[in-house]
Amino acid sequence: MDRDVQEIFAERIEKSLANLRENLNTVRAGRANPALLDKILVDYYGTQTPLKGVANISAPDPRTLLVVPFDPKSMHEIEKAIGASSLGIHPGNDGKAIRLQIPALTEERRKELTKLVKKYGEDAKVAIRNERRNANELLKKQEKAGDLTEDDLKDEEKKSQKKADDAIDQIDKIVAAKEAEILEV
């Protein structure tokens, strides 16, 4: 094998953590953050295009997002896509730009968002466990093929478990930080 199973496992862990961070960036925490709009797709001349591909997104102040379309003709489609999203923010159009006022979160909405954050965390943990299982299966195949001894297999499985445990601890810290950000009034 040209690449070590542990290397591949470590790369996949990093991808899972990056995916978790990306998902958490789209969860509104009461402050304006252009990343909130990352998952919004706009019907741009018949093609589903990410919002940041058809408009410039900025946060001029802590409670406002400003969306300036590159093509003024796409204003209506952008407005429609934002309105249809699950953000719960209603766009305001002044003819040249779309302003999104980020309302303060209600206690109920904060609780809903913490549940969503926990779900993203659980999804990431499941992905890590699946990757650990895949790595261990590859290691067992290497042992059957005679590339690993039984002792080496046990050592490698312990390494996989340690990496998975460390990644899950990291996920717990990331989720806890996001929950604290959401619950902060």
# chains A, B, ... in the order shown; residues from 1 in each chain; ligands from 1
>>> residues_around(residues="Asp166 of chain A", least_positions_apart="2", cutoff="12 Å", atoms="only C-alpha atoms", output="compact mmCIF listing (two decimals) with C-alpha atoms, in the first residue's frame")
# COMPACT_ATOMS: atom_id res chain seq x y z
CA ALA A 10 -6.67 11.26 9.92
CA ILE A 13 -11.41 12.98 10.46
CA GLU A 14 -10.24 16.45 9.39
CA LEU A 17 -14.48 18.31 11.48
CA LYS A 125 -19.57 11.73 15.61
CA ILE A 128 -16.01 9.60 12.72
CA ARG A 129 -17.17 6.21 14.01
CA ARG A 132 -12.90 4.27 12.32
CA LYS A 159 -4.35 4.07 17.32
CA SER A 160 -7.60 4.28 15.36
CA GLN A 161 -9.61 4.27 18.57
CA LYS A 162 -7.42 6.99 20.10
CA LYS A 163 -7.79 9.20 17.00
CA ALA A 164 -11.56 8.67 17.01
CA ILE A 168 -15.09 13.13 19.32
CA ASP A 169 -13.66 15.22 22.20
CA GLN A 170 -12.91 17.97 19.68
CA ILE A 171 -16.48 17.76 18.32
CA ASP A 172 -17.86 18.08 21.85
CA LYS A 173 -15.75 21.24 22.40
>>> residues_around(residues="Leu148 of chain A", least_positions_apart="4", cutoff="12 Å", atoms="only C-alpha atoms", output="PyMOL selection string")
chain A and resi 1+5+138-144+152-157
>>> closest_residue(among="A:Leu100, A:Ile57, A:Leu37, A:Leu113", to="Glu179 of chain A", atoms="only C-alpha atoms")
A:Leu113
>>> select_by_dssp(residues="segment 41-136 of chain A", states="helix (DSSP H, G or I)", output="PyMOL selection string")
chain A and resi 51-53+72-84+107-136
>>> residues_around(residues="segment 84-90 of chain A", least_positions_apart="5", cutoff="12 Å", atoms="only C-alpha atoms", output="ChimeraX atom specification")
/A:26-30,32,35-43,51,63-65,77-79,98-105,109,113
